[in-house]
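upload_31.pdb (PDB, C-alpha atoms)
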```pdb
MODEL        1
ATOM      1  CA  MET A   1     183.759  13.353 136.475  1.00  0.00           C
ATOM      2  CA  ARG A   2     184.979  16.803 135.494  1.00  0.00           C
ATOM      3  CA  ARG A   3     186.306  17.306 132.004  1.00  0.00           C
ATOM      4  CA  SER A   4     189.670  18.860 131.402  1.00  0.00           C
ATOM      5  CA  LEU A   5     190.111  22.089 129.522  1.00  0.00           C
ATOM      6  CA  GLU A   6     191.656  20.100 126.675  1.00  0.00           C
ATOM      7  CA  ASP A   7     188.567  17.858 126.515  1.00  0.00           C
ATOM      8  CA  LEU A   8     186.264  20.878 126.420  1.00  0.00           C
ATOM      9  CA  ILE A   9     188.290  22.530 123.655  1.00  0.00           C
ATOM     10  CA  ALA A  10     188.380  19.296 121.636  1.00  0.00           C
ATOM     11  CA  ASN A  11     184.616  18.926 122.015  1.00  0.00           C
ATOM     12  CA  ALA A  12     184.053  22.556 121.001  1.00  0.00           C
ATOM     13  CA  ASP A  13     186.266  22.075 117.951  1.00  0.00           C
ATOM     14  CA  ALA A  14     184.370  18.922 116.963  1.00  0.00           C
ATOM     15  CA  LEU A  15     181.040  20.744 117.283  1.00  0.00           C
ATOM     16  CA  ALA A  16     182.366  23.700 115.266  1.00  0.00           C
ATOM     17  CA  ASP A  17     183.527  21.339 112.511  1.00  0.00           C
ATOM     18  CA  LYS A  18     180.147  19.614 112.488  1.00  0.00           C
ATOM     19  CA  PHE A  19     178.384  22.975 112.245  1.00  0.00           C
ATOM     20  CA  GLU A  20     180.636  24.322 109.498  1.00  0.00           C
ATOM     21  CA  ASN A  21     180.322  21.148 107.406  1.00  0.00           C
ATOM     22  CA  TYR A  22     176.584  20.678 107.885  1.00  0.00           C
ATOM     23  CA  GLU A  23     174.573  20.124 104.724  1.00  0.00           C
ATOM     24  CA  PRO A  24     170.832  20.473 105.297  1.00  0.00           C
ATOM     25  CA  SER A  25     168.520  17.813 103.941  1.00  0.00           C
ATOM     26  CA  ALA A  26     165.074  18.370 102.438  1.00  0.00           C
ATOM     27  CA  ASP A  27     163.493  17.136 105.677  1.00  0.00           C
ATOM     28  CA  ASP A  28     165.141  19.961 107.608  1.00  0.00           C
ATOM     29  CA  PHE A  29     162.916  22.481 105.827  1.00  0.00           C
ATOM     30  CA  ASP A  30     159.663  20.591 106.399  1.00  0.00           C
ATOM     31  CA  ALA A  31     160.044  19.969 110.111  1.00  0.00           C
ATOM     32  CA  PRO A  32     157.135  21.393 112.117  1.00  0.00           C
ATOM     33  CA  LEU A  33     157.894  24.260 114.450  1.00  0.00           C
ATOM     34  CA  PRO A  34     157.339  23.812 118.162  1.00  0.00           C
ATOM     35  CA  PRO A  35     154.112  25.654 119.092  1.00  0.00           C
ATOM     36  CA  LEU A  36     155.793  28.482 121.008  1.00  0.00           C
ATOM     37  CA  MET A  37     158.272  29.065 118.178  1.00  0.00           C
ATOM     38  CA  ALA A  38     155.342  29.191 115.728  1.00  0.00           C
ATOM     39  CA  VAL A  39     153.706  31.891 117.871  1.00  0.00           C
ATOM     40  CA  LYS A  40     156.937  33.900 118.069  1.00  0.00           C
ATOM     41  CA  LEU A  41     157.445  33.628 114.302  1.00  0.00           C
ATOM     42  CA  ALA A  42     153.873  34.737 113.614  1.00  0.00           C
ATOM     43  CA  ALA A  43     154.282  37.712 115.982  1.00  0.00           C
ATOM     44  CA  PHE A  44     157.542  38.660 114.248  1.00  0.00           C
ATOM     45  CA  ARG A  45     155.867  38.487 110.830  1.00  0.00           C
ATOM     46  CA  ARG A  46     152.906  40.551 112.063  1.00  0.00           C
ATOM     47  CA  ALA A  47     155.242  43.245 113.411  1.00  0.00           C
ATOM     48  CA  GLN A  48     157.167  43.289 110.132  1.00  0.00           C
ATOM     49  CA  ALA A  49     153.919  43.589 108.164  1.00  0.00           C
ATOM     50  CA  GLU A  50     152.788  46.479 110.389  1.00  0.00           C
ATOM     51  CA  ARG A  51     156.086  48.304 109.736  1.00  0.00           C
ATOM     52  CA  GLU A  52     155.708  47.753 105.989  1.00  0.00           C
ATOM     53  CA  LEU A  53     152.101  48.962 106.091  1.00  0.00           C
ATOM     54  CA  ALA A  54     153.035  52.085 108.055  1.00  0.00           C
ATOM     55  CA  THR A  55     155.799  52.870 105.545  1.00  0.00           C
ATOM     56  CA  ALA A  56     153.441  52.317 102.609  1.00  0.00           C
ATOM     57  CA  ILE A  57     150.805  54.568 104.180  1.00  0.00           C
ATOM     58  CA  THR A  58     153.395  57.276 104.801  1.00  0.00           C
ATOM     59  CA  GLN A  59     154.421  57.117 101.155  1.00  0.00           C
ATOM     60  CA  ALA A  60     150.796  57.149 100.013  1.00  0.00           C
ATOM     61  CA  ARG A  61     150.036  60.205 102.149  1.00  0.00           C
ATOM     62  CA  GLU A  62     153.097  61.956 100.704  1.00  0.00           C
ATOM     63  CA  ALA A  63     151.582  61.201  97.290  1.00  0.00           C
ATOM     64  CA  LYS A  64     148.331  62.880  98.492  1.00  0.00           C
ATOM     65  CA  VAL A  65     146.244  59.674  98.717  1.00  0.00           C
ATOM     66  CA  SER A  66     143.219  60.389 100.908  1.00  0.00           C
ATOM     67  CA  TRP A  67     142.642  58.776 104.263  1.00  0.00           C
ATOM     68  CA  ARG A  68     139.319  57.476 102.930  1.00  0.00           C
ATOM     69  CA  THR A  69     141.038  55.660 100.070  1.00  0.00           C
ATOM     70  CA  LEU A  70     143.694  54.283 102.409  1.00  0.00           C
ATOM     71  CA  GLY A  71     141.055  53.108 104.857  1.00  0.00           C
ATOM     72  CA  GLU A  72     139.212  51.286 102.090  1.00  0.00           C
ATOM     73  CA  ALA A  73     142.485  49.684 100.961  1.00  0.00           C
ATOM     74  CA  ILE A  74     143.136  48.203 104.405  1.00  0.00           C
ATOM     75  CA  GLY A  75     139.527  47.315 105.204  1.00  0.00           C
ATOM     76  CA  THR A  76     138.595  50.092 107.584  1.00  0.00           C
ATOM     77  CA  THR A  77     137.295  53.638 107.520  1.00  0.00           C
ATOM     78  CA  GLY A  78     139.379  56.608 106.555  1.00  0.00           C
ATOM     79  CA  GLU A  79     139.016  58.024 110.053  1.00  0.00           C
ATOM     80  CA  ALA A  80     140.218  54.785 111.659  1.00  0.00           C
ATOM     81  CA  ALA A  81     143.198  54.692 109.287  1.00  0.00           C
ATOM     82  CA  ARG A  82     144.006  58.312 110.069  1.00  0.00           C
ATOM     83  CA  GLN A  83     143.857  57.688 113.821  1.00  0.00           C
ATOM     84  CA  ARG A  84     145.998  54.564 113.575  1.00  0.00           C
ATOM     85  CA  TYR A  85     148.663  55.806 111.134  1.00  0.00           C
ATOM     86  CA  THR A  86     148.746  59.582 111.412  1.00  0.00           C
ATOM     87  CA  LYS A  87     151.998  59.574 113.446  1.00  0.00           C
ATOM     88  CA  SER A  88     153.792  57.369 110.935  1.00  0.00           C
ATOM     89  CA  ALA A  89     152.469  59.430 108.037  1.00  0.00           C
ATOM     90  CA  SER A  90     153.530  62.794 109.516  1.00  0.00           C
TER      91      SER A  90
ENDMDL
END
```
Please express what this file holds, its structure, as structure tokens.
Amino acid sequence: MRRSLEDLIANADALADKFENYEPSADDFDAPLPPLMAVKLAAFRRAQAERELATAITQAREAKVSWRTLGEAIGTTGEAARQRYTKSAS
């Protein structure tokens, strides 16, 4: 059975009201993520961390911090840090 336009609009309005009046419960924040969503969230966080690290390295290089010191700070060699972040630090 097809729904009328009026039925669809009434349903949309009811859903909008439910959404606008929603009050989250404590359980809403503790619900486990579906596995694929957990992977996507972790990838998003990793990308954000990489952007923050690149910005921090650029600022450190502008402050004349050596590549060796930066490499030690991120757990690698100065040469590896220079190769990885030289474009963002230029």
Write out as a ChimeraX atom specification which residues come within 12 Å of segment 49-55 of chain A when counting only C-alpha atoms, dropping same-chain ones fewer than 2 positions away. /A:42-47,57-62,70-71,73-74,81-82,84-90
Once you add 4 Å to each side, what are the centre and edge lengths of the axis-aligned box holding all listed atoms of segment 39-54 of chain A? One decimal in Å, as JSON, if you can.
```
{"center_x": 154.8, "center_y": 42.0, "center_z": 112.0, "size_x": 13.4, "size_y": 28.2, "size_z": 20.1}
```
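Between atom CA of Ala63 of chain A and atom CA of Glu79 of chain A there is a distance of 18.2 Å.
Atom pair atom CA of Ala38 of chain A / atom CA of Pro24 of chain A: separated by 20.6 Å.
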